[in-house]
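Student: Dropping the structure in here first, questions after.
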Amino acid sequence: MKTYNYCYETGQLQNNIDFSLFEQEKNVLVQIFCGQNKDVLSYLTEIILRYIPNAICIGTTTDGEIYGDSISTLRSIISISIFEHTFIKTAYVQDKNSFQCGVKLASDLITPNTKLLILFSDGTKMNAEEFLHGVESFDATVPICGGMAGDNGKFEQTYISSQNTILGEGVVGVSLNSDILKVATDYKFDWKPVGLKHTITKVNNNRVYKIDRMKASYFYDKYLGSNFSRTEFPLILEKNGVIMARAVIGKHEDGSLSFSGNLEEGDQVRIGFGDAESLMKDPIEVLKNLHSIDIETFYIFSCMARRRFMPFLIKLGIGSFSKTAPCSGFFTYSEFYHHNGHNKLLNQTLTVVALSESSKTGSALAVSNKEETKKNTSYSKTIESLTHLIEQSARDYDKQSKRLEKQMNYSDALLTSHKQFLRYTVHEMNTPLSVIMNNIELYEMEFGKNNYLENIEVAVKSIFSMYDDLSYLVKKDHITYLNQRIDLVDYIRSRIDFFAQVANKAKSMFIFETNSDKIDIFFNETKLQRIIDNNITNAIKYTFENEKIVVSLFKEDDSCCFSIASHSRRIQDPEKIFEEYYREELAQDGFGLGLNLVKRICKEENVKITLHSDESITSFSYQFKIENA
């Protein structure tokens, strides 16, 4: 076989190509890699098929073109390959179902002796991964190559062609069918994952909604800033032994992102970064699969990100191929590759196809001049050092994260055991407290009041109040507290009676005032007790000796106001009084949890709190909604 490559910019194509070379040939494959526009692609196709009517012609728009040892943009490359022992077929499919596009195209192209499929899809509408799965479902043994069309990085409208048909959506392809043709394929992936692993948490095929439970666009903004490069920092994952990248090709108003290939919920991904050291390696040396045949032609399909990331390195790599055989291709929006019986959609990748109809089994491939590479990459060491810095920093960060995760797991386990211990302790406290109270009552019934036992009873009632707080805190996340009708007048009287002995020992006394004999509220009794008891015990604790504690309950239209007031020290910082562990008087016992608990319950139940404190009086007021007011 022989391949002739031509570069077109403007003017008459006939002035660029000597079509007489192909007039008598029967098996001619023409590939057009068009970096210009639809009109140019249509013009080139029309002229080629006019002068070579027997040719099979496919084309695609690009994000850059490969022509020998050169890389171009906004030009068109025409690759004309002449085969001696290979029959060529072409077909195209337009179907909204990407998978069915693959099945139909494969069924139209594949024959018993198909050696290679060259496939081009549109670059913005096709779900290329589903398309490749469709091809694979028809025949998983045939190698493939090609890629998604480009439009010079605009991601707006791409075009592909088969013969004279120009498509803005769909797939085109050719099959090379032969008993003689030898095909060797390989790929080079020069992107490395950096940073921590992240999890895809919401996705539909290639449209990702959430990564680590945050909107996909916010995820990229967080790590790369709002002006991140769509193609140079892809997500990297590994599937079936192949490391793949998924580049962003579209951003949506809802914060989701479209990627060049499918992702699945639960996929572990990392952000990718170009590896300068790997990019500088001569692909001819790295791509060992290509050394197995006597190469007569190279077709190259490379990711657009490679051209844009470090153009000087990419040009040096492409140049190595042209020293061995004619070389042409284009920069794609995604590359198609076949590996171990599976069709893969790749990004950030250099994919190469080598063809030969020669009977020889191999050839010596030309290697790039090391001195030339060194001379043309004078600042590559800086990029290489930067890459190394990023990788090492990522490894250090990963180690620190693992240590932190281990510490967090230990802390979580310790916290869990503490919660279990507290739950057990609270449960076991109730029995001895009840036994103490019951025996005090039995003793007083038989022998009368005893001053020592009164002191014990007062202390036990204080413990009971703390026990009830702890019991509520331990159980509140595991128990649903139901509301019920409660007569607030009667309930407050019962709690005053319970703590009357405690107040007496503290040399205080209760005065209860109300303007109604009965006030019904719909509330949970456990939560109500926490509000009432904490306010009563605080009043007893902080009220000056021989001062009254005034408890009032007044009905006001559709609500009622419960208030407790006494003469005590002025509260210096009312804003902090409801915070956890805050106590204004450190000499007093307690943990500073009671009022914080009261505030949380009031917030849950829409109870309004009013605090007043000056030199003469401190009062806490709570406004409850009256049932059936």
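By convention here, the chains of the structure tokens are called A, B, ... in the order presented, each chain's residues are numbered starting at 1, and ligands are numbered starting at 1 in the order presented.
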Quick one: residues within 9 Å of A:Phe87, only C-alpha atoms counted, chain neighbours fewer than 2 positions away excluded, as a ChimeraX atom specification?

Tutor: /A:26-28,83-85,89,175-178

Student: Distance table requested - stretch 112-199 of chain A against stretch 329-340 of chain A, cut-off 10 Å, only C-alpha atoms: one row per qualifying residue with the closest atom pair and its distance in Å to one decimal, ordered by chain and rising residue number, as a tab-separated table.

Tutor:
residue	atom	partner	partner_atom	distance
A:Ile118	CA	A:Phe336	CA	9.0
A:Leu119	CA	A:Phe336	CA	7.8
A:Phe120	CA	A:Phe336	CA	8.8
A:Ser121	CA	A:Ser334	CA	9.6
A:Asp122	CA	A:Tyr333	CA	9.2
A:Gly123	CA	A:Tyr333	CA	6.1
A:Thr124	CA	A:Tyr333	CA	8.6
A:Ala128	CA	A:Ser334	CA	8.3
A:Glu129	CA	A:Phe336	CA	9.0
A:Leu132	CA	A:Phe336	CA	7.9
A:Glu136	CA	A:His338	CA	9.3
A:Ala140	CA	A:His338	CA	8.8
A:Thr141	CA	A:Asn340	CA	8.5
A:Val142	CA	A:His338	CA	8.0
A:Pro143	CA	A:His338	CA	5.4
A:Ile144	CA	A:His338	CA	5.7
A:Cys145	CA	A:Phe336	CA	5.1
A:Gly146	CA	A:Phe336	CA	5.3
A:Gly147	CA	A:Glu335	CA	4.3
A:Met148	CA	A:Tyr333	CA	5.1
A:Ala149	CA	A:Thr332	CA	5.8
A:Gly150	CA	A:Tyr333	CA	5.7
A:Asp151	CA	A:Tyr333	CA	8.9
A:Asn152	CA	A:Phe331	CA	9.3
A:Gly153	CA	A:Tyr333	CA	8.6
A:Phe155	CA	A:Tyr333	CA	9.0
A:Thr185	CA	A:Tyr337	CA	8.3
A:Asp186	CA	A:Tyr337	CA	8.4
A:Tyr187	CA	A:Tyr337	CA	8.1

Student: Find the residues near stretch 57-62 of chain A: any atom within 8 Å, counting only C-alpha atoms, skip ones fewer than 5 places away on the same chain, and give them as JSON, numbers by chain.

Tutor: {"A": [29, 30, 31, 32, 33, 34, 35, 36, 37, 38, 41, 45, 49, 90, 120, 149, 150, 151, 152, 158, 159, 160, 161, 162, 163, 172, 173, 174, 330, 331, 332]}

Student: Do you know which residues are at most 10 Å from stretch 561-565 of chain A counting only C-alpha atoms, after dropping those on the same chain fewer than 2 positions away, and could you put them as a PyMOL selection string?

Tutor: chain A and resi 488-489+492+510-514+532+535-536+538-539+543+548-556+559+567-568+607-613+617-626

Student: Nearest to A:Gln94 among A:Thr165, A:Asn347, A:Ser72, A:Ser566, with distances taken over only C-alpha atoms: which residue is it?

Tutor: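 Under the stated criterion, the closest residue is A:Thr165.
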
Student: Enumerate the residues of stretch 27-210 of chain A with a DSSP assignment of strand (DSSP E or B), computed from the backbone, and present them as a compact mmCIF listing (two decimals) with N, CA, C and O atoms, in the first residue's frame.

Tutor:
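Saved as result32.txt:
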# COMPACT_ATOMS: atom_id res chain seq x y z
N ASN A 27 -8.79 0.36 -5.21
CA ASN A 27 -9.03 0.40 -3.76
C ASN A 27 -8.38 1.64 -3.17
O ASN A 27 -7.22 1.60 -2.73
N VAL A 28 -9.11 2.73 -3.19
CA VAL A 28 -8.58 4.02 -2.73
C VAL A 28 -9.40 4.50 -1.52
O VAL A 28 -10.63 4.61 -1.59
N LEU A 29 -8.71 4.79 -0.45
CA LEU A 29 -9.36 5.37 0.74
C LEU A 29 -8.88 6.80 0.90
O LEU A 29 -7.67 7.07 0.96
N VAL A 30 -9.85 7.71 0.96
CA VAL A 30 -9.54 9.13 1.18
C VAL A 30 -10.12 9.54 2.54
O VAL A 30 -11.30 9.31 2.82
N GLN A 31 -9.26 10.13 3.35
CA GLN A 31 -9.71 10.70 4.62
C GLN A 31 -9.44 12.20 4.60
O GLN A 31 -8.32 12.63 4.29
N ILE A 32 -10.46 12.97 4.94
CA ILE A 32 -10.33 14.43 4.97
C ILE A 32 -10.39 14.88 6.43
O ILE A 32 -11.39 14.65 7.12
N PHE A 33 -9.34 15.50 6.88
CA PHE A 33 -9.29 16.06 8.24
C PHE A 33 -9.38 17.57 8.10
O PHE A 33 -8.38 18.25 7.84
N CYS A 34 -10.57 18.08 8.27
CA CYS A 34 -10.88 19.47 7.90
C CYS A 34 -10.91 20.37 9.14
O CYS A 34 -11.80 20.24 9.98
N ILE A 56 -13.36 5.62 -1.89
CA ILE A 56 -14.17 5.66 -0.67
C ILE A 56 -13.65 6.83 0.15
O ILE A 56 -12.46 6.90 0.48
N CYS A 57 -14.55 7.76 0.48
CA CYS A 57 -14.13 9.02 1.09
C CYS A 57 -14.92 9.29 2.38
O CYS A 57 -16.15 9.32 2.36
N ILE A 58 -14.21 9.48 3.48
CA ILE A 58 -14.85 9.92 4.72
C ILE A 58 -14.10 11.15 5.23
O ILE A 58 -12.93 11.36 4.90
N GLY A 59 -14.78 11.94 6.04
CA GLY A 59 -14.16 13.17 6.52
C GLY A 59 -14.70 13.58 7.88
O GLY A 59 -15.73 13.09 8.35
N THR A 60 -13.99 14.51 8.49
CA THR A 60 -14.39 15.03 9.80
C THR A 60 -13.80 16.41 10.01
O THR A 60 -12.71 16.72 9.51
N THR A 61 -14.53 17.25 10.75
CA THR A 61 -13.95 18.51 11.19
C THR A 61 -13.08 18.22 12.42
O THR A 61 -13.23 17.19 13.08
N GLU A 65 -4.83 19.45 12.92
CA GLU A 65 -4.55 18.42 11.92
C GLU A 65 -3.09 17.95 12.02
O GLU A 65 -2.21 18.72 12.40
N ILE A 66 -2.89 16.70 11.67
CA ILE A 66 -1.55 16.10 11.68
C ILE A 66 -1.15 15.80 10.24
O ILE A 66 -1.87 15.10 9.51
N TYR A 67 -0.01 16.34 9.83
CA TYR A 67 0.43 16.24 8.45
C TYR A 67 1.93 15.99 8.44
O TYR A 67 2.74 16.91 8.60
N SER A 70 4.28 17.81 10.85
CA SER A 70 3.71 19.12 11.18
C SER A 70 2.35 19.00 11.85
O SER A 70 1.61 18.03 11.63
N ILE A 71 2.04 19.99 12.67
CA ILE A 71 0.71 20.13 13.27
C ILE A 71 0.14 21.46 12.83
O ILE A 71 0.81 22.50 12.90
N SER A 72 -1.09 21.43 12.34
CA SER A 72 -1.69 22.66 11.84
C SER A 72 -3.05 22.88 12.47
O SER A 72 -3.63 21.98 13.08
N SER A 76 -6.81 21.97 6.11
CA SER A 76 -7.40 20.66 5.83
C SER A 76 -6.32 19.73 5.28
O SER A 76 -5.55 20.13 4.40
N ILE A 77 -6.29 18.52 5.81
CA ILE A 77 -5.34 17.51 5.36
C ILE A 77 -6.12 16.43 4.62
O ILE A 77 -7.12 15.91 5.13
N ILE A 78 -5.65 16.09 3.41
CA ILE A 78 -6.26 15.01 2.63
C ILE A 78 -5.28 13.85 2.60
O ILE A 78 -4.14 13.99 2.14
N SER A 79 -5.71 12.72 3.13
CA SER A 79 -4.88 11.52 3.13
C SER A 79 -5.47 10.52 2.14
O SER A 79 -6.62 10.11 2.28
N ILE A 80 -4.68 10.14 1.12
CA ILE A 80 -5.14 9.21 0.09
C ILE A 80 -4.28 7.94 0.16
O ILE A 80 -3.08 7.98 -0.08
N SER A 81 -4.93 6.85 0.54
CA SER A 81 -4.22 5.56 0.66
C SER A 81 -4.67 4.62 -0.45
O SER A 81 -5.87 4.45 -0.68
N ILE A 82 -3.69 4.00 -1.12
CA ILE A 82 -3.97 3.04 -2.20
C ILE A 82 -3.63 1.64 -1.69
O ILE A 82 -2.51 1.38 -1.25
N PHE A 83 -4.62 0.76 -1.74
CA PHE A 83 -4.44 -0.63 -1.29
C PHE A 83 -4.41 -1.57 -2.50
O PHE A 83 -5.14 -1.35 -3.48
N PHE A 87 -10.23 -4.56 0.32
CA PHE A 87 -11.51 -4.04 -0.16
C PHE A 87 -12.07 -3.09 0.90
O PHE A 87 -12.07 -3.40 2.09
N ILE A 88 -12.58 -1.93 0.46
CA ILE A 88 -13.01 -0.87 1.38
C ILE A 88 -14.52 -0.67 1.27
O ILE A 88 -15.07 -0.59 0.17
N LYS A 89 -15.18 -0.58 2.42
CA LYS A 89 -16.61 -0.29 2.47
C LYS A 89 -16.83 0.96 3.32
O LYS A 89 -16.06 1.23 4.25
N THR A 90 -17.88 1.71 3.01
CA THR A 90 -18.24 2.87 3.84
C THR A 90 -19.73 2.87 4.12
O THR A 90 -20.52 2.30 3.34
N ALA A 91 -20.11 3.50 5.22
CA ALA A 91 -21.52 3.62 5.59
C ALA A 91 -21.65 4.76 6.59
O ALA A 91 -20.66 5.22 7.18
N TYR A 92 -22.88 5.21 6.78
CA TYR A 92 -23.15 6.22 7.82
C TYR A 92 -24.50 5.89 8.45
O TYR A 92 -25.35 5.22 7.86
N VAL A 93 -24.70 6.36 9.68
CA VAL A 93 -25.96 6.13 10.41
C VAL A 93 -26.31 7.39 11.18
O VAL A 93 -25.45 8.02 11.80
N THR A 114 -12.76 -8.54 7.91
CA THR A 114 -12.51 -7.14 8.29
C THR A 114 -11.33 -7.07 9.24
O THR A 114 -11.31 -7.72 10.29
N LYS A 115 -10.36 -6.24 8.89
CA LYS A 115 -9.16 -6.10 9.71
C LYS A 115 -9.19 -4.82 10.58
O LYS A 115 -8.50 -4.75 11.59
N LEU A 116 -9.98 -3.82 10.16
CA LEU A 116 -9.98 -2.56 10.89
C LEU A 116 -11.24 -1.75 10.54
O LEU A 116 -11.68 -1.74 9.39
N LEU A 117 -11.79 -1.10 11.55
CA LEU A 117 -12.85 -0.10 11.34
C LEU A 117 -12.28 1.28 11.67
O LEU A 117 -11.70 1.48 12.75
N ILE A 118 -12.44 2.22 10.74
CA ILE A 118 -12.11 3.63 11.00
C ILE A 118 -13.44 4.35 11.19
O ILE A 118 -14.27 4.37 10.28
N LEU A 119 -13.64 4.94 12.37
CA LEU A 119 -14.94 5.49 12.74
C LEU A 119 -14.82 6.94 13.17
O LEU A 119 -13.94 7.29 13.97
N PHE A 120 -15.72 7.78 12.66
CA PHE A 120 -15.82 9.18 13.09
C PHE A 120 -17.26 9.42 13.55
O PHE A 120 -18.21 9.03 12.87
N SER A 121 -17.40 10.07 14.71
CA SER A 121 -18.73 10.49 15.18
C SER A 121 -18.76 12.00 15.32
O SER A 121 -17.70 12.65 15.37
N ILE A 144 -10.66 -1.15 16.21
CA ILE A 144 -11.25 0.12 15.75
C ILE A 144 -10.24 1.23 15.97
O ILE A 144 -9.29 1.11 16.74
N CYS A 145 -10.48 2.34 15.27
CA CYS A 145 -9.71 3.56 15.49
C CYS A 145 -10.58 4.73 15.08
O CYS A 145 -11.70 4.56 14.59
N GLY A 146 -10.07 5.95 15.26
CA GLY A 146 -10.84 7.14 14.90
C GLY A 146 -11.12 7.98 16.12
O GLY A 146 -10.41 7.93 17.12
N GLY A 147 -12.20 8.78 16.03
CA GLY A 147 -12.52 9.64 17.16
C GLY A 147 -13.71 10.53 16.88
O GLY A 147 -14.36 10.45 15.84
N MET A 148 -13.99 11.37 17.88
CA MET A 148 -15.09 12.32 17.77
C MET A 148 -14.61 13.59 17.06
O MET A 148 -13.51 14.09 17.32
N ILE A 160 -19.23 15.51 10.03
CA ILE A 160 -18.55 14.32 9.51
C ILE A 160 -19.14 14.03 8.14
O ILE A 160 -20.21 14.55 7.78
N SER A 161 -18.45 13.19 7.36
CA SER A 161 -18.95 12.92 6.01
C SER A 161 -18.66 11.49 5.59
O SER A 161 -17.67 10.89 6.02
N SER A 162 -19.53 10.97 4.74
CA SER A 162 -19.33 9.68 4.08
C SER A 162 -19.73 9.87 2.62
O SER A 162 -20.90 10.18 2.34
N THR A 165 -22.25 12.72 1.47
CA THR A 165 -23.19 13.04 2.54
C THR A 165 -22.47 13.72 3.70
O THR A 165 -21.53 13.15 4.28
N ILE A 166 -22.89 14.93 4.04
CA ILE A 166 -22.33 15.68 5.17
C ILE A 166 -23.32 15.62 6.32
O ILE A 166 -24.50 15.94 6.15
N LEU A 167 -22.86 15.21 7.49
CA LEU A 167 -23.73 15.05 8.65
C LEU A 167 -23.30 15.96 9.79
O LEU A 167 -22.11 16.07 10.10
N VAL A 171 -22.84 9.10 12.84
CA VAL A 171 -21.55 8.41 12.75
C VAL A 171 -21.29 8.00 11.31
O VAL A 171 -22.22 7.72 10.55
N VAL A 172 -20.00 7.98 10.93
CA VAL A 172 -19.58 7.47 9.63
C VAL A 172 -18.42 6.52 9.87
O VAL A 172 -17.78 6.55 10.93
N GLY A 173 -18.16 5.66 8.89
CA GLY A 173 -17.04 4.74 9.06
C GLY A 173 -16.67 4.04 7.77
O GLY A 173 -17.42 4.06 6.79
N VAL A 174 -15.50 3.41 7.80
CA VAL A 174 -15.08 2.53 6.71
C VAL A 174 -14.54 1.26 7.35
O VAL A 174 -14.05 1.26 8.48
N SER A 175 -14.66 0.18 6.60
CA SER A 175 -14.03 -1.08 7.01
C SER A 175 -12.97 -1.44 5.98
O SER A 175 -13.16 -1.26 4.78
N LEU A 176 -11.84 -1.92 6.48
CA LEU A 176 -10.76 -2.40 5.63
C LEU A 176 -10.79 -3.93 5.69
O LEU A 176 -10.56 -4.52 6.75
N ASN A 177 -11.11 -4.55 4.55
CA ASN A 177 -11.36 -5.99 4.51
C ASN A 177 -10.29 -6.67 3.65
O ASN A 177 -10.16 -6.35 2.47
N LYS A 182 -2.08 -6.11 7.41
CA LYS A 182 -1.66 -6.23 8.80
C LYS A 182 -1.95 -4.91 9.51
O LYS A 182 -1.67 -3.83 8.97
N VAL A 183 -2.47 -5.02 10.73
CA VAL A 183 -2.85 -3.84 11.50
C VAL A 183 -2.19 -3.92 12.88
O VAL A 183 -2.26 -4.96 13.55
N ALA A 184 -1.56 -2.86 13.31
CA ALA A 184 -1.01 -2.76 14.67
C ALA A 184 -1.51 -1.46 15.30
O ALA A 184 -1.47 -0.40 14.65
N THR A 185 -2.03 -1.55 16.52
CA THR A 185 -2.54 -0.36 17.20
C THR A 185 -1.88 -0.23 18.57
O THR A 185 -1.48 -1.22 19.19
N ASP A 186 -1.78 0.99 19.05
CA ASP A 186 -1.25 1.24 20.39
C ASP A 186 -1.69 2.64 20.82
O ASP A 186 -2.20 3.43 20.01
N TYR A 187 -1.49 2.91 22.11
CA TYR A 187 -1.86 4.24 22.59
C TYR A 187 -0.88 4.69 23.67
O TYR A 187 -0.21 3.89 24.30
N LYS A 188 -0.83 5.99 23.87
CA LYS A 188 0.07 6.59 24.85
C LYS A 188 -0.74 7.60 25.68
O LYS A 188 -1.33 8.53 25.14
N PHE A 189 -0.76 7.34 26.99
CA PHE A 189 -1.53 8.18 27.91
C PHE A 189 -0.55 8.88 28.85
O PHE A 189 0.15 8.23 29.60
N TRP A 191 -1.21 11.50 31.08
CA TRP A 191 -1.81 12.29 32.16
C TRP A 191 -1.75 11.49 33.46
O TRP A 191 -1.95 10.27 33.46
N LYS A 192 -1.47 12.15 34.55
CA LYS A 192 -1.39 11.47 35.84
C LYS A 192 -2.46 12.03 36.78
O LYS A 192 -2.73 13.24 36.78
N PRO A 193 -3.03 11.15 37.60
CA PRO A 193 -3.98 11.64 38.60
C PRO A 193 -3.25 12.31 39.76
O PRO A 193 -2.17 11.86 40.17
N VAL A 194 -3.80 13.39 40.27
CA VAL A 194 -3.21 14.08 41.42
C VAL A 194 -4.30 14.28 42.47
O VAL A 194 -5.49 14.31 42.16
N GLY A 195 -3.88 14.44 43.71
CA GLY A 195 -4.83 14.71 44.78
C GLY A 195 -5.57 13.47 45.24
O GLY A 195 -5.24 12.34 44.91
N LEU A 196 -6.62 13.72 46.03
CA LEU A 196 -7.41 12.65 46.62
C LEU A 196 -8.38 12.05 45.61
O LEU A 196 -8.72 12.66 44.60
N LYS A 197 -8.85 10.85 45.94
CA LYS A 197 -9.91 10.24 45.15
C LYS A 197 -11.24 10.89 45.51
O LYS A 197 -11.49 11.22 46.66
N HIS A 198 -12.09 11.03 44.51
CA HIS A 198 -13.43 11.59 44.70
C HIS A 198 -14.45 10.61 44.14
O HIS A 198 -14.13 9.80 43.25
N THR A 199 -15.66 10.70 44.60
CA THR A 199 -16.69 9.75 44.22
C THR A 199 -17.78 10.43 43.40
O THR A 199 -18.28 11.50 43.79
N ILE A 200 -18.13 9.81 42.28
CA ILE A 200 -19.28 10.28 41.50
C ILE A 200 -20.54 9.88 42.26
O ILE A 200 -20.80 8.69 42.47
N THR A 201 -21.33 10.84 42.70
CA THR A 201 -22.48 10.53 43.55
C THR A 201 -23.83 10.72 42.84
O THR A 201 -24.84 10.21 43.33
N LYS A 202 -23.85 11.41 41.70
CA LYS A 202 -25.09 11.49 40.92
C LYS A 202 -24.72 11.71 39.46
O LYS A 202 -24.03 12.67 39.12
N VAL A 203 -25.19 10.78 38.59
CA VAL A 203 -24.79 10.84 37.18
C VAL A 203 -25.84 10.16 36.33
O VAL A 203 -26.53 9.24 36.77
N ASN A 204 -25.97 10.63 35.12
CA ASN A 204 -26.80 9.97 34.11
C ASN A 204 -25.99 9.86 32.83
O ASN A 204 -25.81 10.84 32.11
N ARG A 207 -23.53 12.73 31.77
CA ARG A 207 -23.86 13.99 32.43
C ARG A 207 -23.76 13.80 33.94
O ARG A 207 -24.54 13.07 34.54
N VAL A 208 -22.76 14.47 34.54
CA VAL A 208 -22.50 14.31 35.96
C VAL A 208 -23.14 15.49 36.71
O VAL A 208 -22.86 16.65 36.41
N TYR A 209 -23.96 15.13 37.69
CA TYR A 209 -24.63 16.14 38.49
C TYR A 209 -23.88 16.45 39.79
O TYR A 209 -23.78 17.61 40.18
N LYS A 210 -23.36 15.40 40.43
CA LYS A 210 -22.70 15.64 41.72
C LYS A 210 -21.44 14.77 41.86
O LYS A 210 -21.44 13.61 41.47

Student: As number ranges by chain, list the residues of stretch 121-257 of chain A assigned to alpha helix (DSSP H) by DSSP on the backbone atoms of this structure.

Tutor: A: 128-138, 216-224

Student: Take the residues from that selection and write them out as a compact mmCIF listing (two decimals), in the first residue's frame, keeping N, CA and C atoms.

Tutor:
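Dumped to part-v6.txt:
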# COMPACT_ATOMS: atom_id res chain seq x y z
N ALA A 128 -20.65 8.80 22.60
CA ALA A 128 -19.70 7.95 21.87
C ALA A 128 -19.43 6.64 22.60
N GLU A 129 -19.51 6.64 23.93
CA GLU A 129 -19.26 5.39 24.65
C GLU A 129 -20.36 4.37 24.35
N GLU A 130 -21.61 4.83 24.33
CA GLU A 130 -22.71 3.94 23.98
C GLU A 130 -22.59 3.47 22.53
N PHE A 131 -22.15 4.37 21.65
CA PHE A 131 -21.94 4.01 20.25
C PHE A 131 -20.91 2.88 20.13
N LEU A 132 -19.79 3.01 20.84
CA LEU A 132 -18.75 1.98 20.79
C LEU A 132 -19.23 0.66 21.39
N HIS A 133 -20.06 0.74 22.43
CA HIS A 133 -20.64 -0.49 22.99
C HIS A 133 -21.54 -1.18 21.96
N GLY A 134 -22.24 -0.37 21.16
CA GLY A 134 -23.08 -0.94 20.11
C GLY A 134 -22.26 -1.68 19.07
N VAL A 135 -21.13 -1.09 18.66
CA VAL A 135 -20.22 -1.76 17.72
C VAL A 135 -19.70 -3.06 18.33
N GLU A 136 -19.30 -2.98 19.58
CA GLU A 136 -18.75 -4.16 20.27
C GLU A 136 -19.78 -5.27 20.39
N SER A 137 -21.06 -4.90 20.61
CA SER A 137 -22.09 -5.93 20.77
C SER A 137 -22.30 -6.73 19.48
N PHE A 138 -21.99 -6.10 18.34
CA PHE A 138 -22.13 -6.81 17.06
C PHE A 138 -20.92 -7.70 16.80
N ALA A 216 -21.33 19.34 40.25
CA ALA A 216 -20.11 19.06 39.50
C ALA A 216 -19.34 20.34 39.16
N SER A 217 -20.06 21.39 38.77
CA SER A 217 -19.37 22.64 38.42
C SER A 217 -18.73 23.27 39.66
N TYR A 218 -19.39 23.15 40.84
CA TYR A 218 -18.80 23.67 42.07
C TYR A 218 -17.53 22.90 42.43
N PHE A 219 -17.55 21.59 42.15
CA PHE A 219 -16.37 20.75 42.42
C PHE A 219 -15.18 21.27 41.63
N TYR A 220 -15.36 21.54 40.33
CA TYR A 220 -14.26 22.05 39.51
C TYR A 220 -13.86 23.46 39.95
N ASP A 221 -14.85 24.29 40.29
CA ASP A 221 -14.53 25.64 40.76
C ASP A 221 -13.69 25.59 42.03
N LYS A 222 -14.01 24.65 42.92
CA LYS A 222 -13.30 24.53 44.19
C LYS A 222 -11.83 24.19 43.98
N TYR A 223 -11.56 23.25 43.08
CA TYR A 223 -10.19 22.77 42.92
C TYR A 223 -9.40 23.49 41.82
N LEU A 224 -10.07 24.07 40.83
CA LEU A 224 -9.36 24.66 39.69
C LEU A 224 -9.72 26.11 39.42

Student: Rounded to one decimal place, report the atom CA of A:Pro283-atom CA of A:Ser393 distance in Å.

Tutor: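 Computing the Euclidean distance for atom CA of A:Pro283 and atom CA of A:Ser393 yields 27.8 Å.
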
Student: Quick one: residues within 10 Å of A:Phe273, only C-alpha atoms counted, chain neighbours fewer than 4 positions away excluded, as JSON, numbers by chain?

Tutor: {"A": [190, 191, 192, 193, 194, 232, 233, 234, 235, 236, 309, 348, 387, 390, 391]}

Student: At a cut-off of 8 Å, using only C-alpha atoms, what residues contact A:Phe298? Leave out same-chain residues fewer than 6 positions from it and give the result as a PyMOL selection string.

Tutor: chain A and resi 321+325-328+352-355

Student: Using only C-alpha atoms, pick whichever of A:Arg485, A:Lys505, A:Arg570, A:Lys603 has the shortest atom-to-atom distance to A:Glu627.

Tutor: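 Smallest distance to A:Glu627 is found for A:Arg485.
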
Student: Quick check, in Å to one decimal: how far apart do atom CA of A:Ser356 and atom CA of A:Val286 lie?

Tutor: 20.1 Å

Student: In Å to one decimal, how far is atom CA of A:Asn127 from atom CA of A:Ser260?

Tutor: 7.9 Å

Student: For each of A:His342, A:Arg530, A:Lys2, A:Lys154, take the minimum atom-to-atom distance to A:Thr297, counting only C-alpha atoms, then give the residue where this is smallest.

Tutor: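 Of A:His342, A:Arg530, A:Lys2, A:Lys154, the one nearest A:Thr297, counting only C-alpha atoms, is A:Lys2.
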